[in-house]
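Dumped input-v9.cif below, it's mmCIF, C-alpha atoms:
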data_data
loop_
_atom_site.label_atom_id
_atom_site.label_comp_id
_atom_site.auth_asym_id
_atom_site.auth_seq_id
_atom_site.Cartn_x
_atom_site.Cartn_y
_atom_site.Cartn_z
CA MET N 1 -131.57 145.50 192.79
CA ARG N 2 -131.84 145.22 196.56
CA THR N 3 -128.15 145.99 196.94
CA TYR N 4 -128.46 149.18 194.87
CA LEU N 5 -131.47 150.36 196.86
CA SER N 6 -129.74 149.67 200.15
CA THR N 7 -126.63 151.53 199.03
CA ALA N 8 -128.68 154.52 197.89
CA LEU N 9 -130.44 154.68 201.26
CA ILE N 10 -127.13 154.50 203.10
CA VAL N 11 -125.78 157.42 201.08
CA LEU N 12 -129.01 159.35 201.69
CA LEU N 13 -128.55 158.81 205.41
CA ALA N 14 -125.48 161.06 205.43
CA VAL N 15 -127.69 163.93 204.25
CA LEU N 16 -130.70 163.15 206.45
CA THR N 17 -128.69 162.92 209.67
CA PRO N 18 -127.72 166.61 209.95
CA LEU N 19 -131.05 167.81 208.54
CA SER N 20 -133.06 165.79 211.03
CA ALA N 21 -130.90 167.01 213.93
CA ILE N 22 -131.38 170.65 212.93
CA ALA N 23 -135.13 170.11 212.46
CA ALA N 24 -135.48 168.60 215.93
CA TRP N 25 -133.36 171.42 217.39
CA ALA N 26 -135.45 174.09 215.68
CA ASP N 27 -138.68 172.51 216.91
CA LEU N 28 -137.52 172.03 220.51
CA GLU N 29 -135.27 175.05 221.07
CA ILE N 30 -136.81 177.74 218.85
CA GLY N 31 -140.38 176.50 218.75
CA ASP N 32 -140.77 176.07 222.53
CA THR N 33 -140.71 179.30 224.57
CA ASP N 34 -140.15 177.67 227.96
CA ARG N 35 -137.29 175.55 226.67
CA PHE N 36 -135.71 178.56 224.99
CA VAL N 37 -135.86 180.59 228.20
CA SER N 38 -134.52 177.65 230.21
CA THR N 39 -131.61 177.29 227.80
CA MET N 40 -130.83 181.00 228.04
CA ALA N 41 -131.07 181.11 231.85
CA PRO N 42 -127.45 180.03 232.60
CA LEU N 43 -126.19 183.00 230.58
CA ALA N 44 -127.19 185.25 233.46
CA SER N 45 -124.04 183.93 235.18
CA ASP N 46 -121.81 184.25 232.12
CA PRO N 47 -119.12 186.95 232.64
CA ALA N 48 -119.31 188.09 229.00
CA VAL N 49 -123.07 188.65 229.24
CA GLN N 50 -122.85 190.31 232.66
CA ASN N 51 -120.14 192.67 231.43
CA ALA N 52 -122.06 193.51 228.23
CA VAL N 53 -125.19 194.35 230.21
CA ALA N 54 -123.23 196.45 232.70
CA GLU N 55 -121.47 198.37 229.94
CA ARG N 56 -124.71 199.08 228.06
CA ILE N 57 -126.56 200.32 231.13
CA THR N 58 -123.63 202.44 232.31
CA ASP N 59 -123.19 203.99 228.87
CA GLY N 60 -126.86 204.96 228.98
CA VAL N 61 -126.40 206.75 232.29
CA MET N 62 -123.24 208.75 231.66
CA PRO N 63 -124.69 211.30 229.17
CA ARG N 64 -126.99 212.43 232.00
CA ILE N 65 -124.16 212.99 234.47
CA HIS N 66 -121.82 215.97 234.30
CA VAL N 67 -119.19 216.01 237.02
CA GLY N 68 -116.25 217.47 235.15
CA GLN N 69 -112.96 215.77 235.83
CA LEU N 70 -114.67 213.12 237.96
CA GLN N 71 -116.53 211.69 234.95
CA ASP N 72 -114.29 208.64 234.65
CA GLU N 73 -114.40 207.94 238.38
CA VAL N 74 -118.20 208.14 238.45
CA ARG N 75 -118.43 205.84 235.44
CA ALA N 76 -116.18 203.29 237.12
CA LEU N 77 -118.31 203.49 240.29
CA LEU N 78 -121.56 202.90 238.43
CA LEU N 79 -120.08 200.18 236.26
CA GLU N 80 -118.88 198.28 239.32
CA ALA N 81 -122.27 198.71 241.02
CA VAL N 82 -124.12 197.34 237.98
CA ARG N 83 -121.66 194.43 237.68
CA SER N 84 -122.29 193.62 241.32
CA PHE N 85 -126.03 193.62 240.70
CA ALA N 86 -125.50 191.22 237.78
CA THR N 87 -124.56 188.50 240.26
CA THR N 88 -127.89 188.65 242.13
CA ASP N 89 -131.07 186.61 241.77
CA ALA N 90 -132.93 189.78 240.77
CA PHE N 91 -130.71 190.06 237.70
CA LYS N 92 -131.38 186.42 236.79
CA SER N 93 -135.12 187.05 236.99
CA ALA N 94 -134.83 190.15 234.79
CA TRP N 95 -132.66 188.23 232.32
CA MET N 96 -135.32 185.54 231.96
CA THR N 97 -137.91 188.23 231.22
CA ALA N 98 -135.63 189.66 228.54
CA SER N 99 -134.99 186.16 227.14
CA ARG N 100 -138.70 185.51 226.76
CA ALA N 101 -139.05 188.66 224.68
CA ALA N 102 -136.01 187.64 222.62
CA HIS N 103 -137.67 184.31 221.85
CA ASP N 104 -140.63 186.08 220.27
CA ALA N 105 -138.25 188.08 218.10
CA ALA N 106 -136.32 184.95 217.11
CA GLN N 107 -139.50 183.21 216.04
CA GLN N 108 -140.51 186.16 213.87
CA VAL N 109 -137.11 186.34 212.20
CA LEU N 110 -136.66 182.61 211.62
CA THR N 111 -140.18 181.47 210.89
CA SER N 112 -142.44 184.23 209.61
CA GLY N 113 -139.71 186.33 208.05
CA GLY N 114 -140.85 189.35 210.07
CA GLY N 115 -138.26 191.61 211.64
CA ASN N 116 -134.60 191.96 210.82
CA THR N 117 -132.79 191.47 214.13
CA VAL N 118 -132.96 189.42 217.29
CA THR N 119 -131.99 191.46 220.33
CA ILE N 120 -131.96 191.15 224.11
CA ASP N 121 -133.95 194.14 225.38
CA LEU N 122 -132.26 195.47 228.53
CA ALA N 123 -135.19 197.59 229.74
CA PRO N 124 -136.35 194.96 232.31
CA VAL N 125 -132.76 194.65 233.54
CA ALA N 126 -132.23 198.42 233.74
CA GLU N 127 -135.43 198.79 235.75
CA ARG N 128 -134.29 196.23 238.32
CA VAL N 129 -130.80 197.76 238.44
CA LYS N 130 -132.18 201.21 239.09
CA MET N 131 -134.50 200.02 241.86
CA GLN N 132 -131.71 198.12 243.61
CA LEU N 133 -129.06 200.84 243.32
CA VAL N 134 -131.46 203.56 244.49
CA THR N 135 -132.30 201.40 247.49
CA ASP N 136 -128.58 200.98 248.18
CA ARG N 137 -128.14 204.78 247.81
CA VAL N 138 -125.55 204.48 245.08
CA PRO N 139 -124.72 208.00 243.80
CA PHE N 140 -126.48 209.01 240.57
CA ALA N 141 -128.48 205.76 240.51
CA ASN N 142 -131.70 207.74 240.18
CA ARG N 143 -130.47 208.98 236.80
CA ILE N 144 -130.32 205.51 235.26
CA PRO N 145 -132.69 205.61 232.26
CA VAL N 146 -135.11 202.73 231.85
CA ARG N 147 -135.00 202.56 228.07
CA HIS N 148 -134.77 199.92 225.39
CA ASP N 149 -131.03 199.48 225.05
CA ASP N 150 -130.26 196.05 223.69
CA ILE N 151 -127.68 193.42 222.82
CA THR N 152 -127.86 192.34 219.17
CA VAL N 153 -127.76 188.57 218.81
CA LEU N 154 -128.74 188.00 215.19
CA ARG N 155 -129.26 189.98 211.99
CA ALA N 156 -131.57 188.34 209.49
CA ASN N 157 -130.06 189.90 206.38
CA GLY N 158 -126.82 188.03 206.97
CA LEU N 159 -128.35 184.59 207.40
CA GLY N 160 -128.83 183.91 203.70
CA VAL N 161 -129.55 180.23 203.06
CA TRP N 162 -129.41 179.39 206.78
CA ARG N 163 -132.67 181.26 207.32
CA ASP N 164 -134.44 179.30 204.58
CA VAL N 165 -133.11 176.00 205.95
CA VAL N 166 -134.29 176.71 209.49
CA GLN N 167 -137.69 177.90 208.26
CA GLY N 168 -138.29 174.70 206.32
CA LEU N 169 -136.98 172.39 209.03
CA LEU N 170 -138.92 174.16 211.77
CA GLU N 171 -142.13 173.38 209.91
CA ALA N 172 -141.06 169.74 209.53
CA GLY N 173 -140.54 169.34 213.28
CA VAL N 174 -139.36 165.92 214.47
CA TRP N 175 -140.57 164.06 211.37
CA PRO N 176 -137.20 164.16 209.58
CA ALA N 177 -135.69 162.39 212.60
CA VAL N 178 -138.40 159.71 212.40
CA GLY N 179 -137.76 159.35 208.68
CA THR N 180 -134.02 159.02 209.26
CA VAL N 181 -134.56 156.08 211.61
CA GLY N 182 -136.86 154.50 209.03
CA VAL N 183 -134.24 154.90 206.30
CA MET N 184 -131.63 153.23 208.52
CA ALA N 185 -133.89 150.25 209.18
CA LEU N 186 -134.93 149.92 205.53
CA ALA N 187 -131.33 150.07 204.31
CA VAL N 188 -130.44 147.11 206.54
CA LEU N 189 -133.56 145.09 205.72
CA LEU N 190 -133.06 145.45 201.96
CA ALA N 191 -129.40 144.55 202.05
CA VAL N 192 -128.33 141.12 200.86
CA ARG N 193 -125.39 141.16 203.26
CA ARG N 194 -126.66 142.92 206.36
CA ARG N 195 -123.29 143.00 208.05
CA TYR N 196 -121.95 145.31 205.38
CA ALA N 197 -125.17 147.33 205.49
CA LEU N 198 -124.72 147.91 209.23
CA ILE N 199 -121.16 149.02 208.64
CA GLY N 200 -122.35 151.39 205.92
CA VAL N 201 -125.14 152.79 208.10
CA GLY N 202 -122.73 153.45 210.93
CA LEU N 203 -120.18 155.18 208.72
CA SER N 204 -122.85 157.20 206.92
CA ALA N 205 -124.29 158.41 210.23
CA ALA N 206 -120.77 159.36 211.34
CA VAL N 207 -120.26 161.37 208.14
CA GLY N 208 -123.60 163.11 208.73
CA ALA N 209 -122.51 164.00 212.26
CA VAL N 210 -119.33 165.61 210.91
CA VAL N 211 -121.40 167.57 208.38
CA LEU N 212 -123.63 168.78 211.22
CA ALA N 213 -120.66 169.96 213.28
CA VAL N 214 -119.21 171.81 210.29
CA ALA N 215 -122.59 173.44 209.54
CA VAL N 216 -122.93 174.70 213.13
CA ALA N 217 -119.41 176.15 213.02
CA MET N 218 -119.98 177.81 209.63
CA ALA N 219 -123.28 179.33 210.76
CA ARG N 220 -121.55 180.65 213.87
CA GLY N 221 -118.96 182.45 211.79
CA THR N 222 -121.60 183.87 209.43
CA ILE N 223 -123.88 185.13 212.20
CA LEU N 224 -121.16 186.67 214.37
CA GLY N 225 -119.40 188.18 211.39
CA ASN N 226 -122.59 189.95 210.31
CA LEU N 227 -123.19 191.70 213.63
CA PRO N 228 -122.84 195.51 213.79
CA ASN N 229 -119.39 196.87 214.61
CA ASP N 230 -120.61 198.30 217.92
CA SER N 231 -122.24 195.05 219.03
CA ASP N 232 -121.17 193.01 222.02
CA ARG N 233 -119.63 190.09 220.14
CA SER N 234 -118.49 188.24 223.24
CA ALA N 235 -122.04 188.21 224.61
CA ALA N 236 -123.49 187.26 221.21
CA ARG N 237 -120.93 184.45 220.96
CA ALA N 238 -121.94 183.12 224.38
CA ILE N 239 -125.63 183.25 223.42
CA TYR N 240 -125.07 181.44 220.12
CA ASP N 241 -122.97 178.76 221.77
CA VAL N 242 -125.50 178.02 224.49
CA LEU N 243 -128.40 177.88 222.02
CA THR N 244 -126.57 175.49 219.70
CA GLY N 245 -125.01 173.43 222.49
CA SER N 246 -127.52 170.60 221.97
CA LEU N 247 -126.58 170.44 218.27
CA ARG N 248 -122.90 170.03 219.10
CA THR N 249 -123.75 167.36 221.66
CA THR N 250 -125.88 165.58 219.07
CA SER N 251 -123.08 165.64 216.50
CA TRP N 252 -120.59 164.07 218.89
CA SER N 253 -123.14 161.48 220.10
CA VAL N 254 -124.13 160.43 216.58
CA LEU N 255 -120.48 160.31 215.50
CA ALA N 256 -119.61 158.00 218.40
CA ALA N 257 -122.71 155.83 217.91
CA GLY N 258 -122.05 155.48 214.18
CA LEU N 259 -118.44 154.45 214.65
CA VAL N 260 -119.38 151.99 217.40
CA LEU N 261 -122.07 150.45 215.18
CA ALA N 262 -119.66 150.09 212.25
CA ALA N 263 -116.90 148.65 214.43
CA GLY N 264 -119.29 146.29 216.19
CA ALA N 265 -120.64 144.94 212.89
CA TRP N 266 -117.12 144.49 211.53
CA PHE N 267 -115.49 142.80 214.49
CA GLY N 268 -118.61 141.04 215.75
CA ASP N 269 -119.03 139.04 212.56
CA ARG N 270 -115.38 138.08 212.46
CA ARG N 271 -115.55 136.87 216.06
CA ARG N 272 -118.54 134.65 215.37
CA ARG N 273 -116.88 132.86 212.49
CA PRO N 274 -115.46 129.45 213.53
CA PRO N 275 -111.75 129.04 212.85
CA GLN N 276 -111.14 127.21 209.61
CA ALA N 277 -109.27 123.91 209.96
CA PRO N 278 -106.17 123.50 207.79
CA PRO N 279 -106.72 121.31 204.73
CA ALA N 280 -106.18 117.61 205.44
CA ARG N 281 -102.99 116.17 204.06
CA ALA N 282 -103.71 113.63 201.34
CA ARG N 283 -102.81 110.11 202.40
CA GLU N 284 -100.38 108.37 200.11
CA PRO N 285 -101.60 105.07 198.69
CA ALA N 286 -100.01 102.02 200.12
CA GLY N 287 -96.89 100.88 198.34
CA SER N 288 -96.34 104.24 196.73
CA ARG N 289 -93.01 104.76 198.48
CA LEU N 290 -89.94 103.34 196.81
CA PRO N 291 -88.09 100.69 198.67
CA GLY N 292 -85.15 101.96 200.64
CA LEU N 293 -86.67 105.43 201.16
CA SER N 294 -88.76 104.57 204.18
#
Using the file provided, produce a representation of the structure as structure tokens.
Amino acid sequence: MRTYLSTALIVLLAVLTPLSAIAAWADLEIGDTDRFVSTMAPLASDPAVQNAVAERITDGVMPRIHVGQLQDEVRALLLEAVRSFATTDAFKSAWMTASRAAHDAAQQVLTSGGGNTVTIDLAPVAERVKMQLVTDRVPFANRIPVRHDDITVLRANGLGVWRDVVQGLLEAGVWPAVGTVGVMALAVLLAVRRRYALIGVGLSAAVGAVVLAVAVAMARGTILGNLPNDSDRSAARAIYDVLTGSLRTTSWSVLAAGLVLAAGAWFGDRRRRPPQAPPARAREPAGSRLPGLS
């Protein structure tokens, strides 16, 4: 009976491992505003994000400028000026303000079911761009509109089951991770042969890590594939990758730890076993040999 229970818990571990990782991620990354903004901060230096912001702001300006045959030249001038601003500390500050607003939208979409999209509102960025370019006397900078252009990151109607999973796991918080550790310990304690239980726990955790990596990759394809045709996919891809970076790190770490545990239990036990002596040769009774054969 103990063996069956231990085996069932080991199999269950392969399911709990990815679920607990996603639950912890949802609680720490999506549930915590400061952590979310801190995770998003490096994207201010990402070329794909900088280019997407520059293109959006420039496209908002050009309908207000009419210079005939010089339209393309003026657009190139403004685009380069905005790209240059995207490398400054002022842009990083504006990006963090926009990220904080995006976190509120993400929470509504993933937790309360309110809203349909998660976007990065570029109004704070456009305001900083306009101030800086007007100060630098860049031509036509005063015509930059401070409006709510945005970069679409996520559309809720394409999430399907992923939305339900994240909602449930976000409410669970870190408790699934605690339960997973408890299942691991119980599976070993119930086992009759704990060496084999340790091997099973390690391999089951490794399988769960692979499932987690596959789930992150599948969700990435679903989310990016559901974005509008005019969206900035390269920027959305960079945002998704940075937000799920901790999940990918977790999958690799758990995979390595599981394989090391299984290998250690397998080879460690074999190393501790004393070498078995060869069976002693039976001594022949005296006088058993025939005369003349000695």
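Nearest residue to Leu77 of chain N, choosing from N:Ala141, N:Ala98, N:Ile30, N:Lys130 and counting all atoms listed in the file: N:Ala141.
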Under the PyMOL selection byres ((chain N and resi 23) around 12), which residues of this model are included? Write them out as a PDB file with C-alpha atoms, in the frame of the given file.
ATOM      1  CA  LEU N  16    -130.700 163.150 206.450  1.00  0.00           C
ATOM      2  CA  THR N  17    -128.690 162.920 209.670  1.00  0.00           C
ATOM      3  CA  PRO N  18    -127.720 166.610 209.950  1.00  0.00           C
ATOM      4  CA  LEU N  19    -131.050 167.810 208.540  1.00  0.00           C
ATOM      5  CA  SER N  20    -133.060 165.790 211.030  1.00  0.00           C
ATOM      6  CA  ALA N  21    -130.900 167.010 213.930  1.00  0.00           C
ATOM      7  CA  ILE N  22    -131.380 170.650 212.930  1.00  0.00           C
ATOM      8  CA  ALA N  24    -135.480 168.600 215.930  1.00  0.00           C
ATOM      9  CA  TRP N  25    -133.360 171.420 217.390  1.00  0.00           C
ATOM     10  CA  ALA N  26    -135.450 174.090 215.680  1.00  0.00           C
ATOM     11  CA  ASP N  27    -138.680 172.510 216.910  1.00  0.00           C
ATOM     12  CA  LEU N  28    -137.520 172.030 220.510  1.00  0.00           C
ATOM     13  CA  GLU N  29    -135.270 175.050 221.070  1.00  0.00           C
ATOM     14  CA  ILE N  30    -136.810 177.740 218.850  1.00  0.00           C
ATOM     15  CA  GLY N  31    -140.380 176.500 218.750  1.00  0.00           C
ATOM     16  CA  VAL N 165    -133.110 176.000 205.950  1.00  0.00           C
ATOM     17  CA  VAL N 166    -134.290 176.710 209.490  1.00  0.00           C
ATOM     18  CA  GLN N 167    -137.690 177.900 208.260  1.00  0.00           C
ATOM     19  CA  GLY N 168    -138.290 174.700 206.320  1.00  0.00           C
ATOM     20  CA  LEU N 169    -136.980 172.390 209.030  1.00  0.00           C
ATOM     21  CA  LEU N 170    -138.920 174.160 211.770  1.00  0.00           C
ATOM     22  CA  GLU N 171    -142.130 173.380 209.910  1.00  0.00           C
ATOM     23  CA  ALA N 172    -141.060 169.740 209.530  1.00  0.00           C
ATOM     24  CA  GLY N 173    -140.540 169.340 213.280  1.00  0.00           C
ATOM     25  CA  VAL N 174    -139.360 165.920 214.470  1.00  0.00           C
ATOM     26  CA  TRP N 175    -140.570 164.060 211.370  1.00  0.00           C
ATOM     27  CA  PRO N 176    -137.200 164.160 209.580  1.00  0.00           C
ATOM     28  CA  ALA N 177    -135.690 162.390 212.600  1.00  0.00           C
ATOM     29  CA  VAL N 178    -138.400 159.710 212.400  1.00  0.00           C
ATOM     30  CA  GLY N 179    -137.760 159.350 208.680  1.00  0.00           C
ATOM     31  CA  THR N 180    -134.020 159.020 209.260  1.00  0.00           C
ATOM     32  CA  LEU N 212    -123.630 168.780 211.220  1.00  0.00           C
ATOM     33  CA  LEU N 247    -126.580 170.440 218.270  1.00  0.00           C
TER      34      LEU N 247
END
Find the smallest box with edges along x, y and z containing every listed atom of segment 59-64 of chain N, then add 4 Å on each side and report centre and edge lengths in Å to one decimal, as JSON.
{"center_x": -125.1, "center_y": 208.2, "center_z": 230.6, "size_x": 11.8, "size_y": 16.4, "size_z": 11.4}
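One finds atom CA of Leu259 of chain N at 5.8 Å from atom CA of Gly202 of chain N.
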Test item: residues at most 6 Å from Val37 of chain N, only C-alpha atoms, excluding those fewer than 3 positions along its chain, as JSON, numbers by chain: {"N": [34, 40, 99, 100]}
Result set of the PyMOL selection byres ((chain N and resi 44) around 10) on the coordinates above, as an MDAnalysis selection string: chainID N and resid 40:43 45:50 53 86:89 91:96
Hits from the PyMOL selection byres ((chain N and resi 7-11) around 8), listed as a PyMOL selection string: chain N and resi 3-6+12-15+183-184+186-187+197+200-201+204
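The two atoms in question, atom CA of Asn51 of chain N and atom CA of Gly68 of chain N, are spaced 25.4 Å apart.
When atom CA of Ser253 of chain N is paired with atom CA of Ala206 of chain N, their separation reads 9.3 Å.
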For Asn226 of chain N: contacts at 8 Å, all atoms listed in the file, fewer than 2 positions along chain excluded, given as a ChimeraX atom specification: /N:155,158,222-224,228
Pull all heavy atoms for segment 20-31 of chain N from the block and write them as a tab-separated table (two decimals), in the first residue's frame.
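Here's the written file part-v9.tsv:
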chain	number	residue	atom	x	y	z
N	20	SER	N	2.76	24.94	-9.73
N	20	SER	CA	3.27	25.72	-8.61
N	20	SER	C	4.20	26.82	-9.09
N	20	SER	O	4.21	27.93	-8.53
N	20	SER	CB	4.00	24.81	-7.62
N	20	SER	OG	5.12	24.19	-8.22
N	21	ALA	N	4.98	26.56	-10.13
N	21	ALA	CA	5.88	27.59	-10.67
N	21	ALA	C	5.08	28.74	-11.27
N	21	ALA	O	5.40	29.92	-11.05
N	21	ALA	CB	6.80	26.97	-11.72
N	22	ILE	N	4.02	28.43	-12.01
N	22	ILE	CA	3.19	29.47	-12.61
N	22	ILE	C	2.46	30.26	-11.53
N	22	ILE	O	2.31	31.48	-11.62
N	22	ILE	CB	2.20	28.86	-13.61
N	22	ILE	CG1	2.96	28.23	-14.78
N	22	ILE	CG2	1.24	29.92	-14.13
N	22	ILE	CD1	2.08	27.48	-15.75
N	23	ALA	N	2.00	29.57	-10.48
N	23	ALA	CA	1.30	30.25	-9.38
N	23	ALA	C	2.23	31.24	-8.69
N	23	ALA	O	1.84	32.38	-8.40
N	23	ALA	CB	0.77	29.22	-8.39
N	24	ALA	N	3.46	30.81	-8.40
N	24	ALA	CA	4.42	31.70	-7.75
N	24	ALA	C	4.75	32.88	-8.66
N	24	ALA	O	4.87	34.02	-8.20
N	24	ALA	CB	5.68	30.92	-7.39
N	25	TRP	N	4.91	32.60	-9.96
N	25	TRP	CA	5.19	33.67	-10.92
N	25	TRP	C	4.04	34.68	-10.97
N	25	TRP	O	4.26	35.90	-10.96
N	25	TRP	CB	5.41	33.07	-12.31
N	25	TRP	CG	5.44	34.07	-13.41
N	25	TRP	CD1	6.49	34.84	-13.80
N	25	TRP	CD2	4.35	34.42	-14.28
N	25	TRP	NE1	6.14	35.64	-14.85
N	25	TRP	CE2	4.84	35.42	-15.16
N	25	TRP	CE3	3.03	33.99	-14.39
N	25	TRP	CZ2	4.02	35.98	-16.15
N	25	TRP	CZ3	2.22	34.56	-15.36
N	25	TRP	CH2	2.72	35.54	-16.22
N	26	ALA	N	2.82	34.19	-11.04
N	26	ALA	CA	1.67	35.08	-11.10
N	26	ALA	C	1.56	35.94	-9.85
N	26	ALA	O	1.24	37.14	-9.92
N	26	ALA	CB	0.38	34.26	-11.28
N	27	ASP	N	1.86	35.36	-8.70
N	27	ASP	CA	1.77	36.09	-7.44
N	27	ASP	C	2.87	37.14	-7.34
N	27	ASP	O	2.63	38.28	-6.91
N	27	ASP	CB	1.86	35.11	-6.27
N	27	ASP	CG	1.71	35.81	-4.93
N	27	ASP	OD1	0.68	36.47	-4.70
N	27	ASP	OD2	2.64	35.73	-4.11
N	28	LEU	N	4.09	36.80	-7.77
N	28	LEU	CA	5.22	37.71	-7.60
N	28	LEU	C	5.34	38.72	-8.73
N	28	LEU	O	5.67	39.89	-8.49
N	28	LEU	CB	6.52	36.90	-7.49
N	28	LEU	CG	6.62	35.97	-6.28
N	28	LEU	CD1	7.88	35.13	-6.36
N	28	LEU	CD2	6.60	36.77	-4.99
N	29	GLU	N	5.10	38.29	-9.97
N	29	GLU	CA	5.29	39.17	-11.12
N	29	GLU	C	4.04	40.00	-11.43
N	29	GLU	O	4.13	41.20	-11.69
N	29	GLU	CB	5.68	38.36	-12.35
N	29	GLU	CG	7.04	37.68	-12.25
N	29	GLU	CD	8.20	38.66	-12.41
N	29	GLU	OE1	7.93	39.86	-12.67
N	29	GLU	OE2	9.35	38.24	-12.27
N	30	ILE	N	2.88	39.35	-11.44
N	30	ILE	CA	1.65	40.04	-11.80
N	30	ILE	C	0.99	40.68	-10.58
N	30	ILE	O	0.40	41.75	-10.67
N	30	ILE	CB	0.66	39.08	-12.49
N	30	ILE	CG1	1.33	38.40	-13.69
N	30	ILE	CG2	-0.60	39.82	-12.93
N	30	ILE	CD1	1.82	39.36	-14.76
N	31	GLY	N	1.10	40.04	-9.45
N	31	GLY	CA	0.44	40.54	-8.25
N	31	GLY	C	1.17	41.68	-7.56
N	31	GLY	O	0.58	42.38	-6.75
